[in-house]
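Everything on this sheet refers to the single structure shown next.
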Amino acid sequence: MNVKTEIDLYNYQRGAIDKIFERFEDYPNDYHLLYQLPTGGGKTIIFSEIVRQYLKLKKKKVVVLTHRIELCNQTSKVLSDFGVINKIVNSKATLDDQHKYSCFVAMVETLNNRLLDDKLDISHVGLVIIDEAHYNSFTKLLKFFSTSFILGVTATPLSSNINLPMTDNYDDLIVGESISELIKNKFLAKANLYTYNVGLTSLIVGANGDYTVKSSEELYTNNDMLSKLLIAYEERCLNKKTLIFNNGINTSIIVYDSFKKAGFNIRHLDNTATKKQRFETLKWFKETPDAILTSVSILTTGFDEPTVNCIMINRATKSLTLYYQMIGRGSRLLKNKDTFEVIDLGNNFYRFGDWGSDIDWHKIFRNPMNYLDSIQSDEEIEGRFKYEMPDELKELFSNSDIIHFDVDKTYVESIKKGKSSKSVLEKAINHHSLMCVENSEDEFDALILVKELNDDIDYVIKRYSKCISKSTDNFLDWLTQDYKKRLRTNIRSNFETIKNKK
């Protein structure tokens with residue numbers, strides 16, 4: 001059916017509303033429908049118009065559910081802008097006047113408590129809309145609305161709990177415009193994606209299926225990772241309004257300290273901030289062109305700041321939803337902004353693909369475990385990395401014609417000749433010795449250059465361990481330390497010989 005609207009909507013939004021209203025007409029009153037649309041596509045606009053039309057046509061009440069207070073207030077405001085008089089059901093709300101309202105906006109826990117106390121009359125509720133439907137906290141409320149039409153909306157129809165797939169609660173999925181279509185038609189900004197390879201094998205996956213905060217903080221607060229983050233900012237985001245996402249409050253605070261010491265305009269925000277602190281920080285961020293805001297996932301939903309120019313993902317995640325939410329914070333289009341930068345320091349691009357790449361949401365919705373099982377492990381991802389020496393480091397070894405040592409090729413050649421696999425490391429040590437010596441005036445300078453090869457040596461050791469299929473943490477640590485010790489000994493013993501040969 002064609003639903004006439006009084007609000008100016010985009011064609012794809014009108015099309016979505018028409019499809020959903022067809023389900024209202026053709027399917028049972030207790031049907032459960034899921035609607036997918038990327039962050040920035042206007043899901044709240046769409047379901048607010050749906051509420052407006054539904055109240056006119058069906059003469060039944062509507063409940064809109066959110067999972068955060070910020071979303072609750074924002075949704076109520078948008079509904080009011082659409083002419084829908086609504087009541088927020090929060091812990092302070094009195095419900096003596098509930099008979100005056102046909103639309104209620106509520107958070108999950110609050111509504112659950114009110115319904116358990118029998119404080120809210122839901123006997124005439126015909127439609128329940130669930131925002132950010134991939135969260136599983138909503139499922140506890142479904143028993144109260146067994147005769148209502150359930151409409152879930154989400155950017156990523158993949159449950160936040162792998163043990164509770166969305167197919168258990170929804171009968172079907174409608175997929176909206178893709179990110180690529182929204183970019184092509186000038187509704188979203190295009191992401192310029194940059195990745196910095198990171199070793200993640202020290203991270204531990206917790207009971208929720210994602211990396212634990214503890215293991216993430218141990219990795220992302222070390223000096224190498226903090227340095228990599230600062231370098232990435234200076235290379236790609238300098239003087240641009242930037243959001244940094246971390247996994248852990250301690251990490252975010254240390255990132256704040258590091259950037260502050262480097263002279264950058266940065267603030268930190270996490271869920272322990274008061275409402276006043278949050279308001280002041282976000283006001284500062286909005287009004288400051290070169291502002292950097294480091295946070296802990298608190299800004300992944302319920303936050304909209306179109307002037308963001310750079311997203312730095314300073315964490316790894318196993319959550320496709322979180323990956324899309326973080327990048328989506330920078331995708332709002334402005335008059336002078338049609339692109340934005342995304343810096344990935346968690347190998348997330350390799351895990352999930354580029355933001356905006358084609359995704360078969362129907363397939364993921366029907367068979368989520370097949371999708372989750374297809375995601376590459378960190379070991380598989382890192383096995384494809386080839387270490388690229390930074391330009392500033394190459395300058396220190398400018399006298400060397402060859403700076404890359406091909407471990408895999410050398411290993412295959414050695415095995416074919418019947419040599420021990422240990423000969424690979426011997427050749428690698430000779431290679432690194434030559435690099436240090438030919439770029440030094442004396443032995444002392446050469447030994448100093450050994451320290452500059454830490455990342456290159458780590459790469460050689462990891463590739464070697466893959467070749468011999470032995471990669472326990474203790475073995476890698478021992479092998480790395482032994483390699484560096486032998487390298488220094490080789491330089492001390494053979495400096496003059498190597499120098500003269502050269």
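We name chains A, B, ... following the order of the structure tokens; residues begin at 1 in each chain, and ligands are numbered from 1 as shown.
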Write out as a PyMOL selection string the residues lying within 9 Å of Val78 of chain A, counting only C-alpha atoms and excluding same-chain residues fewer than 6 positions away.
chain A and resi 44-45+48+84
With C-alpha atoms retained, write the just-selected residues as a tab-separated table (two decimals), in the first residue's frame.
chain	number	residue	atom	x	y	z
A	44	THR	CA	14.62	6.81	13.87
A	45	ILE	CA	13.09	9.01	11.17
A	48	SER	CA	8.80	7.75	13.86
A	84	VAL	CA	3.44	12.13	17.93
Tell me, counting only C-alpha atoms, for each residue of segment 149-204 of chain A within 10 Å of segment 312-321 of chain A, which pair of atoms is nearest and how far apart they are in Å to one decimal, in rows ordered by chain and increasing number, as a Markdown table.
| residue | atom | partner | partner_atom | distance |
| --- | --- | --- | --- | --- |
| A:Thr154 | CA | A:Thr321 | CA | 9.4 |
| A:Ala155 | CA | A:Thr321 | CA | 7.7 |
| A:Thr156 | CA | A:Thr321 | CA | 5.6 |
| A:Pro157 | CA | A:Thr321 | CA | 8.3 |
| A:Leu158 | CA | A:Thr321 | CA | 7.2 |
| A:Ser159 | CA | A:Thr321 | CA | 8.6 |
| A:Ser160 | CA | A:Ser319 | CA | 7.7 |
| A:Asn161 | CA | A:Ser319 | CA | 9.9 |
| A:Tyr194 | CA | A:Met312 | CA | 9.7 |
| A:Thr195 | CA | A:Ile313 | CA | 9.7 |
| A:Val198 | CA | A:Ala316 | CA | 9.4 |
| A:Leu200 | CA | A:Ala316 | CA | 8.0 |
| A:Leu203 | CA | A:Ala316 | CA | 8.9 |
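Nearest to Leu188 of chain A of all the residues A:Leu333, A:Val255, A:Ile231, A:Ile491 is A:Leu333, counting only C-alpha atoms.
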Which of these residues is nearest to Glu426 of chain A, using only C-alpha atoms: A:Leu79, A:Val407, A:Met369, A:Leu116?
A:Val407
Might you pull out every residue within 9 Å of segment 10-22 of chain A, with only C-alpha atoms counted and same-chain residues fewer than 2 positions away left off, and present them as a PyMOL selection string?
chain A and resi 1-3+5+8+24-27+33+35+41-43+45-47+49-50+54+151+174-177
Just to be explicit: take each residue in the selection above, keep C-alpha atoms, and write the result as a PDB file, in the first residue's frame.
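Below is the file again_39.pdb, written as the result:
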ATOM      1  CA  MET A   1       0.000   0.000   0.000  1.00  0.00           C
ATOM      2  CA  ASN A   2       1.110   3.622  -0.513  1.00  0.00           C
ATOM      3  CA  VAL A   3       1.211   5.464   2.790  1.00  0.00           C
ATOM      4  CA  THR A   5       3.293  11.221   4.551  1.00  0.00           C
ATOM      5  CA  ASP A   8       9.693  15.306   3.760  1.00  0.00           C
ATOM      6  CA  PHE A  24       1.062  -4.861   8.876  1.00  0.00           C
ATOM      7  CA  GLU A  25      -1.727  -5.567   6.387  1.00  0.00           C
ATOM      8  CA  ASP A  26      -0.755  -9.027   5.131  1.00  0.00           C
ATOM      9  CA  TYR A  27       0.686 -10.762   8.190  1.00  0.00           C
ATOM     10  CA  LEU A  33       9.694  -8.289  11.668  1.00  0.00           C
ATOM     11  CA  TYR A  35      14.383  -4.035   9.526  1.00  0.00           C
ATOM     12  CA  GLY A  41      20.404   6.102   7.138  1.00  0.00           C
ATOM     13  CA  GLY A  42      17.649   7.496   9.356  1.00  0.00           C
ATOM     14  CA  LYS A  43      16.155   4.538  11.208  1.00  0.00           C
ATOM     15  CA  ILE A  45      13.085   9.011  11.175  1.00  0.00           C
ATOM     16  CA  ILE A  46      11.570   5.957   9.495  1.00  0.00           C
ATOM     17  CA  PHE A  47      10.043   4.372  12.564  1.00  0.00           C
ATOM     18  CA  GLU A  49       6.852   8.193  10.631  1.00  0.00           C
ATOM     19  CA  ILE A  50       5.638   4.608  10.963  1.00  0.00           C
ATOM     20  CA  TYR A  54       0.100   3.567  12.533  1.00  0.00           C
ATOM     21  CA  LEU A 151       9.246  -4.359  14.661  1.00  0.00           C
ATOM     22  CA  ILE A 174      13.773  -6.519   5.432  1.00  0.00           C
ATOM     23  CA  VAL A 175      17.127  -5.146   4.252  1.00  0.00           C
ATOM     24  CA  GLY A 176      17.297  -1.427   3.509  1.00  0.00           C
ATOM     25  CA  GLU A 177      19.733   0.588   1.409  1.00  0.00           C
TER      26      GLU A 177
END
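Interatomic distance, atom CA of Arg366 of chain A against atom CA of Ser148 of chain A: 23.0 Å.
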Tell me, which residues of segment 131-375 of chain A carry DSSP alpha helix (DSSP H), written as a ChimeraX atom specification?
/A:179-184,213-220,223-236,249-261,275-287,320-328,348-352,361-366,368-374
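Each of A:Thr281, A:Asn367, A:Thr274, A:Asn197 was compared to Arg384 of chain A using only C-alpha atoms, and A:Asn197 turns out to be the nearest.
Compared by their closest atoms to Thr201 of chain A, and using only C-alpha atoms, the residues A:Leu219, A:Cys72, A:Leu226, A:Leu396 rank with A:Leu219 nearest.
Each of A:Val128, A:Ile150, A:Val89, A:Val62 was checked against Leu34 of chain A using only C-alpha atoms; the smallest atom-to-atom distance is that of A:Ile150.
Among the candidates A:Lys416, A:Lys283, A:His268, A:Lys100, the residue lying nearest to Asn246 of chain A is A:His268 (atoms considered: only C-alpha atoms).
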